[in-house]
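Colleague: So that you have it, the file is coords_22.txt, and it contains compact mmCIF, C-alpha atoms:
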# COMPACT_ATOMS: atom_id res chain seq x y z
CA LYS A 1 19.36 1.46 10.78
CA LYS A 2 17.97 4.86 11.81
CA MET A 3 14.17 4.96 11.86
CA SER A 4 12.91 8.54 11.55
CA GLY A 5 13.56 9.54 15.15
CA PHE A 6 12.10 6.34 16.66
CA SER A 7 14.13 3.72 18.48
CA PRO A 8 13.07 0.10 17.86
CA ALA A 9 11.50 0.01 21.32
CA GLN A 10 9.46 3.15 20.63
CA VAL A 11 8.36 1.91 17.23
CA LEU A 12 7.30 -1.48 18.50
CA GLY A 13 6.15 -0.75 22.01
CA THR A 14 8.49 -3.29 23.57
CA HIS A 15 8.46 -1.74 27.06
CA GLU A 16 6.87 -4.26 29.38
CA ASP A 17 4.58 -1.64 30.96
CA GLN A 18 2.80 -1.45 27.61
CA LEU A 19 1.56 -5.02 28.00
CA VAL A 20 -1.98 -4.99 29.42
CA THR A 21 -3.49 -8.28 30.52
CA PHE A 22 -7.08 -8.99 31.49
CA THR A 23 -8.58 -11.65 33.71
CA SER A 24 -11.30 -13.73 32.12
CA ASP A 25 -13.91 -11.95 34.24
CA GLN A 26 -12.61 -8.53 33.16
CA SER A 27 -12.78 -9.52 29.51
CA LYS A 28 -16.29 -10.88 29.97
CA GLN A 29 -17.41 -7.62 31.51
CA LYS A 30 -16.01 -5.60 28.60
CA ILE A 31 -17.71 -7.88 26.10
CA ARG A 32 -20.98 -7.61 28.02
CA GLU A 33 -20.78 -3.83 27.80
CA LEU A 34 -20.08 -4.00 24.06
CA LEU A 35 -22.98 -6.36 23.53
CA GLN A 36 -25.42 -4.28 25.54
CA ARG A 37 -24.48 -1.13 23.60
CA THR A 38 -24.86 -3.00 20.32
CA ILE A 39 -28.33 -4.37 21.06
CA ARG A 40 -29.65 -1.54 23.22
CA ASN A 41 -32.58 -0.96 20.87
CA GLU A 42 -33.51 -4.62 20.56
CA GLU A 43 -35.86 -6.72 22.61
CA GLU A 44 -34.63 -9.38 25.03
CA SER A 45 -32.06 -11.54 23.33
CA ASP A 46 -30.39 -14.88 23.84
CA TRP A 47 -26.72 -14.78 22.75
CA ILE A 48 -23.93 -17.32 22.30
CA ILE A 49 -20.42 -16.04 22.92
CA HIS A 50 -16.97 -17.53 22.32
CA PHE A 51 -13.72 -15.63 22.84
CA LEU A 52 -9.98 -15.90 23.48
CA ASN A 53 -8.54 -13.78 26.30
CA ILE A 54 -5.82 -11.98 24.31
CA PRO A 55 -3.67 -9.34 26.11
CA SER A 56 -3.22 -5.85 24.64
CA ARG A 57 -0.25 -3.80 23.50
CA ILE A 58 -0.26 -0.28 22.09
CA GLN A 59 1.68 0.49 18.94
CA ALA A 60 3.98 3.46 18.43
CA GLY A 61 4.72 4.36 14.85
CA PRO A 62 3.37 2.35 11.89
CA SER A 63 3.84 -1.02 13.57
CA CYS A 64 0.28 -2.34 13.81
CA GLY A 65 1.00 -5.67 12.09
CA LEU A 66 4.09 -6.45 14.16
CA ILE A 67 2.41 -5.47 17.43
CA ALA A 68 -0.72 -7.48 16.56
CA LEU A 69 1.54 -10.48 15.93
CA ARG A 70 3.27 -9.91 19.27
CA MET A 71 -0.12 -9.85 21.03
CA CYS A 72 -0.93 -13.24 19.53
CA ALA A 73 2.47 -14.55 20.65
CA ASP A 74 1.83 -13.15 24.14
CA TYR A 75 -1.33 -15.24 24.25
CA LEU A 76 0.18 -18.45 22.91
CA GLN A 77 3.59 -18.34 24.61
CA LYS A 78 4.49 -17.78 28.27
CA GLU A 79 7.34 -15.45 27.38
CA ALA A 80 7.06 -14.07 23.86
CA LEU A 81 10.30 -12.76 22.37
CA MET A 82 10.92 -9.02 22.31
CA THR A 83 9.86 -7.30 19.12
CA SER A 84 12.84 -4.98 18.67
CA SER A 85 14.70 -7.90 17.07
CA LEU A 86 11.56 -8.73 15.08
CA LEU A 87 11.72 -5.27 13.50
CA GLU A 88 15.38 -5.74 12.67
CA ILE A 89 14.65 -9.06 10.96
CA ALA A 90 11.74 -7.53 9.02
CA ILE A 91 14.02 -4.71 7.81
CA GLU A 92 16.82 -7.13 6.87
CA ARG A 93 14.39 -9.19 4.80
CA GLY A 94 13.15 -6.08 3.01
CA TYR A 95 9.63 -6.37 4.40
CA THR A 96 9.48 -2.91 5.99
CA ASN A 97 11.19 0.41 6.67
CA LEU A 98 9.48 1.60 9.86
CA GLY A 99 7.43 -1.38 10.97
CA GLU A 100 4.65 -1.15 8.37
CA MET A 101 3.58 -4.54 6.98
CA PHE A 102 1.69 -4.63 3.67
CA SER A 103 2.03 -8.36 3.00
CA ALA A 104 0.13 -11.10 4.80
CA GLN A 105 2.67 -13.65 3.58
CA ASP A 106 5.58 -11.66 5.04
CA LEU A 107 3.86 -11.26 8.40
CA ALA A 108 3.00 -14.97 8.50
CA SER A 109 6.64 -15.77 7.69
CA LEU A 110 7.73 -13.74 10.73
CA ALA A 111 5.22 -15.60 12.89
CA ARG A 112 6.70 -18.92 11.83
CA ASP A 113 10.39 -17.98 11.81
CA TYR A 114 10.66 -15.58 14.75
CA TYR A 115 8.02 -16.85 17.17
CA GLY A 116 8.14 -20.49 16.10
CA LEU A 117 4.40 -20.51 15.31
CA SER A 118 5.16 -22.96 12.55
CA THR A 119 1.59 -23.88 11.57
CA THR A 120 0.63 -20.25 10.87
CA GLN A 121 -0.74 -19.85 7.36
CA VAL A 122 -2.33 -17.26 5.10
CA LEU A 123 -5.85 -17.99 3.93
CA SER A 124 -7.25 -16.27 0.83
CA ASN A 125 -10.90 -15.84 -0.11
CA PHE A 126 -12.04 -16.80 3.38
CA ASP A 127 -15.57 -16.93 4.72
CA HIS A 128 -17.14 -16.89 8.19
CA LYS A 129 -16.88 -20.67 8.49
CA ASP A 130 -13.09 -20.48 8.21
CA ILE A 131 -12.99 -17.88 10.98
CA LEU A 132 -15.24 -19.81 13.35
CA LYS A 133 -13.38 -23.07 12.77
CA HIS A 134 -10.02 -21.49 13.64
CA LEU A 135 -11.36 -19.69 16.70
CA HIS A 136 -12.86 -22.94 17.96
CA ARG A 137 -9.42 -24.52 17.71
CA GLY A 138 -8.31 -21.91 20.23
CA PHE A 139 -6.21 -19.64 18.02
CA PRO A 140 -6.51 -15.97 16.99
CA ILE A 141 -6.65 -14.54 13.48
CA LEU A 142 -4.82 -11.52 12.08
CA VAL A 143 -6.92 -9.50 9.66
CA PRO A 144 -6.03 -6.46 7.53
CA TYR A 145 -8.79 -3.91 7.01
CA ASP A 146 -9.43 -0.21 6.37
CA ASN A 147 -9.85 1.51 9.71
CA ASP A 148 -12.05 4.52 10.37
CA LYS A 149 -11.38 7.27 12.94
CA ASN A 150 -12.74 5.08 15.74
CA ASN A 151 -10.74 2.09 14.43
CA THR A 152 -13.84 0.33 13.13
CA PRO A 153 -13.90 -1.18 9.63
CA CYS A 154 -14.63 1.17 6.75
CA GLN A 155 -14.07 1.23 3.00
CA LYS A 156 -11.44 3.68 1.78
CA LYS A 157 -9.98 1.40 -0.90
CA GLY A 158 -6.90 0.74 1.25
CA ALA A 159 -5.98 4.33 2.13
CA SER A 160 -6.17 3.56 5.87
CA ALA A 161 -5.04 -0.08 5.90
CA HIS A 162 -4.55 -1.43 9.42
CA TRP A 163 -4.08 -4.79 11.19
CA GLY A 164 -6.50 -6.18 13.76
CA ILE A 165 -7.01 -9.47 15.59
CA ILE A 166 -10.18 -11.55 15.58
CA ILE A 167 -10.45 -13.05 19.07
CA GLY A 168 -14.04 -14.23 19.31
CA SER A 169 -17.56 -14.44 17.93
CA ILE A 170 -21.13 -13.68 19.02
CA CYS A 171 -24.49 -14.56 17.53
CA LEU A 172 -28.12 -14.86 18.57
CA ARG A 173 -28.86 -18.32 19.90
CA SER A 174 -31.93 -18.56 17.67
CA ASP A 175 -29.72 -17.98 14.62
CA GLU A 176 -27.48 -21.00 15.08
CA GLU A 177 -28.20 -24.69 15.14
CA GLN A 178 -26.13 -26.25 17.91
CA THR A 179 -27.58 -26.36 21.39
CA HIS A 180 -24.69 -27.44 23.69
CA HIS A 181 -23.75 -24.31 25.61
CA VAL A 182 -22.63 -23.85 29.18
CA ALA A 183 -22.30 -21.18 31.89
CA ASP A 184 -25.68 -19.60 31.16
CA GLU A 185 -26.27 -16.28 32.92
CA MET A 186 -28.29 -13.12 32.54
CA VAL A 187 -26.54 -9.84 31.75
CA GLY A 188 -29.22 -7.21 32.05
CA HIS A 189 -31.83 -8.31 29.53
CA VAL A 190 -29.24 -10.41 27.68
CA ALA A 191 -28.94 -14.17 28.11
CA TRP A 192 -25.25 -15.15 27.86
CA HIS A 193 -24.16 -18.65 26.88
CA GLU A 194 -20.53 -19.60 26.45
CA GLY A 195 -19.89 -22.17 23.76
CA GLU A 196 -18.84 -22.81 20.19
CA ILE A 197 -20.95 -21.24 17.48
CA SER A 198 -22.13 -23.44 14.64
CA GLU A 199 -20.39 -22.85 11.32
CA ASN A 200 -23.88 -22.92 9.80
CA VAL A 201 -24.84 -19.63 11.43
CA ASP A 202 -26.21 -16.93 9.13
CA ALA A 203 -23.17 -14.79 8.26
CA SER A 204 -25.33 -11.65 8.19
CA LYS A 205 -26.11 -12.11 11.89
CA LEU A 206 -22.60 -12.87 13.11
CA TYR A 207 -20.54 -10.45 15.20
CA LEU A 208 -16.80 -10.73 15.71
CA ILE A 209 -14.94 -9.66 18.84
CA CYS A 210 -11.78 -7.87 17.75
CA GLN A 211 -8.75 -6.05 19.11
CA GLN A 212 -6.28 -3.77 17.37
CA PRO A 213 -3.08 -2.15 18.67
CA ARG A 214 -4.24 1.47 18.68
CA SER A 215 -6.47 0.82 21.69
CA ARG A 216 -6.65 -1.46 24.72
CA HIS A 217 -10.38 -1.82 24.24
CA LYS A 218 -12.11 -4.74 22.59
CA GLN A 219 -14.49 -3.93 19.75
CA LEU A 220 -17.53 -5.65 18.30
CA TRP A 221 -17.88 -5.61 14.51
CA THR A 222 -20.23 -7.42 12.19
CA TYR A 223 -18.61 -10.12 10.10
CA LEU A 224 -20.00 -8.53 6.94
CA ASP A 225 -18.52 -5.10 7.75
CA LEU A 226 -15.07 -6.58 8.39
CA LYS A 227 -15.26 -8.81 5.33
CA ALA A 228 -16.24 -5.87 3.10
CA SER A 229 -13.46 -3.71 4.53
CA ASN A 230 -10.89 -6.44 3.92
CA ALA A 231 -12.16 -6.99 0.37
CA ASN A 232 -11.84 -3.28 -0.47
CA LEU A 233 -8.08 -3.11 0.25
CA LEU A 234 -7.13 -2.11 -3.28
CA TYR A 235 -4.47 0.61 -3.36
CA GLY A 236 -1.75 2.07 -1.18
CA ASP A 237 -2.31 5.54 0.27
CA PRO A 238 -0.87 7.91 -2.38
CA VAL A 239 -0.03 10.57 0.24
CA ARG A 240 2.12 8.17 2.24
CA MET A 241 3.61 6.70 -0.89
CA ALA A 242 4.72 10.17 -1.99
CA GLU A 243 6.61 10.62 1.30
CA GLN A 244 8.76 7.60 0.38
CA LYS A 245 9.33 6.61 4.01
CA TRP A 246 7.34 3.38 4.00
CA LYS A 247 7.32 0.26 1.85
CA ILE A 248 3.83 0.63 0.43
CA PRO A 249 2.90 -1.14 -2.82
CA GLU A 250 0.67 0.57 -5.35
CA GLU A 251 -1.79 -2.34 -5.22
CA LEU A 252 -2.62 -4.19 -1.99
CA THR A 253 -2.94 -7.64 -3.52
CA ASN A 254 -1.02 -9.14 -0.58
CA LEU A 255 -3.67 -7.89 1.87
CA LYS A 256 -6.94 -8.00 -0.05
CA ASP A 257 -9.18 -11.01 0.70
CA LYS A 258 -6.58 -12.47 3.09
CA ILE A 259 -6.36 -13.36 6.77
CA ILE A 260 -3.57 -14.98 8.78
CA LEU A 261 -4.52 -18.07 10.78
CA ILE A 262 -2.11 -17.95 13.72
CA GLY A 263 -1.15 -21.50 14.69
CA PRO A 264 1.06 -23.17 17.26
CA SER A 265 4.37 -24.91 16.78
CA ASN A 266 4.01 -28.41 15.35
CA LYS A 267 6.74 -29.74 17.62
Write the structure described by the file as structure tokens, please.

Modeller:
Amino acid sequence: KKMSGFSPAQVLGTHEDQLVTFTSDQSKQKIRELLQRTIRNEEESDWIIHFLNIPSRIQAGPSCGLIALRMCADYLQKEALMTSSLLEIAIERGYTNLGEMFSAQDLASLARDYYGLSTTQVLSNFDHKDILKHLHRGFPILVPYDNDKNNTPCQKKGASAHWGIIIGSICLRSDEEQTHHVADEMVGHVAWHEGEISENVDASKLYLICQQPRSRHKQLWTYLDLKASNANLLYGDPVRMAEQKWKIPEELTNLKDKIILIGPSNK
């Protein structure tokens, strides 16, 4: 099926040179830089950090959900399947025209059926405890949200819906209750402790480490900002809907208040 001038490889970024991997030390350094920029106006702080070292891919065309899924598969599988066939399957099932994915259930179905990530499930009306619990199990989370010009969460009622990946969490040590943390080190005036964050942490003081397929860079967002952006996914962009090129529903009920818990095969 012809896709508006794009080949499947161009739409989905399947060329291997578009895969960007990071060593654990490289990822730590990027997260340190994010953290220092975030707290640059604060006094000395003692932080707890937990993250998954997810590789990056850059999308071409409206394929953010499919590429985000591929990034998760890259992390969980030694050789993730090419995504050109994934696009073909999504088109055959009627999920998409050009790679756009406006249903969490459909994207989770592709995770299970195409990549064999059979325990993947959609979670509705989630909270920060659900996110922390899944990250601590060692698995990433796909999250739809409204993205601003710098790809950070905003609230445009769904007009700029996008897919990102939650790969980690950060909070002040004084704001969480558990005390077993390892690999303590100083990063400038920041004390860094690697370890799991208590699910009892104050949600208003929780940061999430995220990636999204429009950039190779990790980003640091507050949980509350991302949660609010996800909850405000109400309507499809009327401008794009009028173009009639994409499968965009009038109401985004299959994105709003939903995340996808990416899980392994149960075999």

Colleague: Hey, can you check how far atom CA of A:Asn266 sits from atom CA of A:Ser124?

Modeller: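 Between atom CA of A:Asn266 and atom CA of A:Ser124 the gap works out to 22.0 Å.
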
Colleague: What is the distance, in Å and to one decimal place, between atom CA of A:His217 and atom CA of A:Glu194?

Modeller: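 Atom CA of A:Glu194 lies at a distance of 20.6 Å from atom CA of A:His217.
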
Colleague: Rank nothing, just name the residue among A:Thr253, A:Gln77, A:Asn230, A:Asn97 nearest to A:Trp163, using all atoms listed in the file.

Modeller: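 Ranked by minimum distance to A:Trp163, first place goes to A:Asn230.
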
Colleague: Which distance in Å separates atom CA of A:Asp106 and atom CA of A:Pro144, to one decimal?

Modeller: 13.0 Å

Colleague: Which one is closest to A:Leu81: A:Ala111, A:Leu261, A:Leu208, A:Ala228? Count all atoms listed in the file.

Modeller: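 Of all the options, A:Ala111 lies closest to A:Leu81.
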
Colleague: Of the residues A:Pro264, A:Pro153, A:Gly61, A:Pro249, which is the one nearest to A:Thr119, using all atoms listed in the file?

Modeller: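 Among the listed residues, A:Pro264 lies closest to A:Thr119.
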
Colleague: Could you tell me which of A:Asp127, A:Asp113, A:Asp74, A:Glu33 comes closest to A:Leu86 if we count all atoms listed in the file?

Modeller: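 For A:Leu86, the nearest of the candidates is A:Asp113.
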
Colleague: Could you list, as a VMD selection string, every residue within 7 Å of stretch 139-143 of chain A, counting all atoms listed in the file and ignoring same-chain residues fewer than 2 positions away?

Modeller: chain A and resid 72 134 to 135 137 145 163 to 167 259 to 263

Colleague: Under the rule that all atoms listed in the file are counted, which of A:Leu66, A:Met241, A:Leu233, A:Val122 is the nearest residue to A:Tyr95?

Modeller: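 Smallest distance to A:Tyr95 is found for A:Leu66.
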
Colleague: Need to verify the contact set: A:Lys133, 10 Å, all atoms listed in the file, exclusion of same-chain residues closer than 3 positions in sequence. Can you return it as an MDAnalysis selection string?

Modeller: chainID A and resid 128:130 136:139 196:199

Colleague: From the list A:Asn151, A:Ser56, A:Thr222, A:Ser204, which residue is nearest A:Ser169 when using all atoms listed in the file?

Modeller: A:Thr222
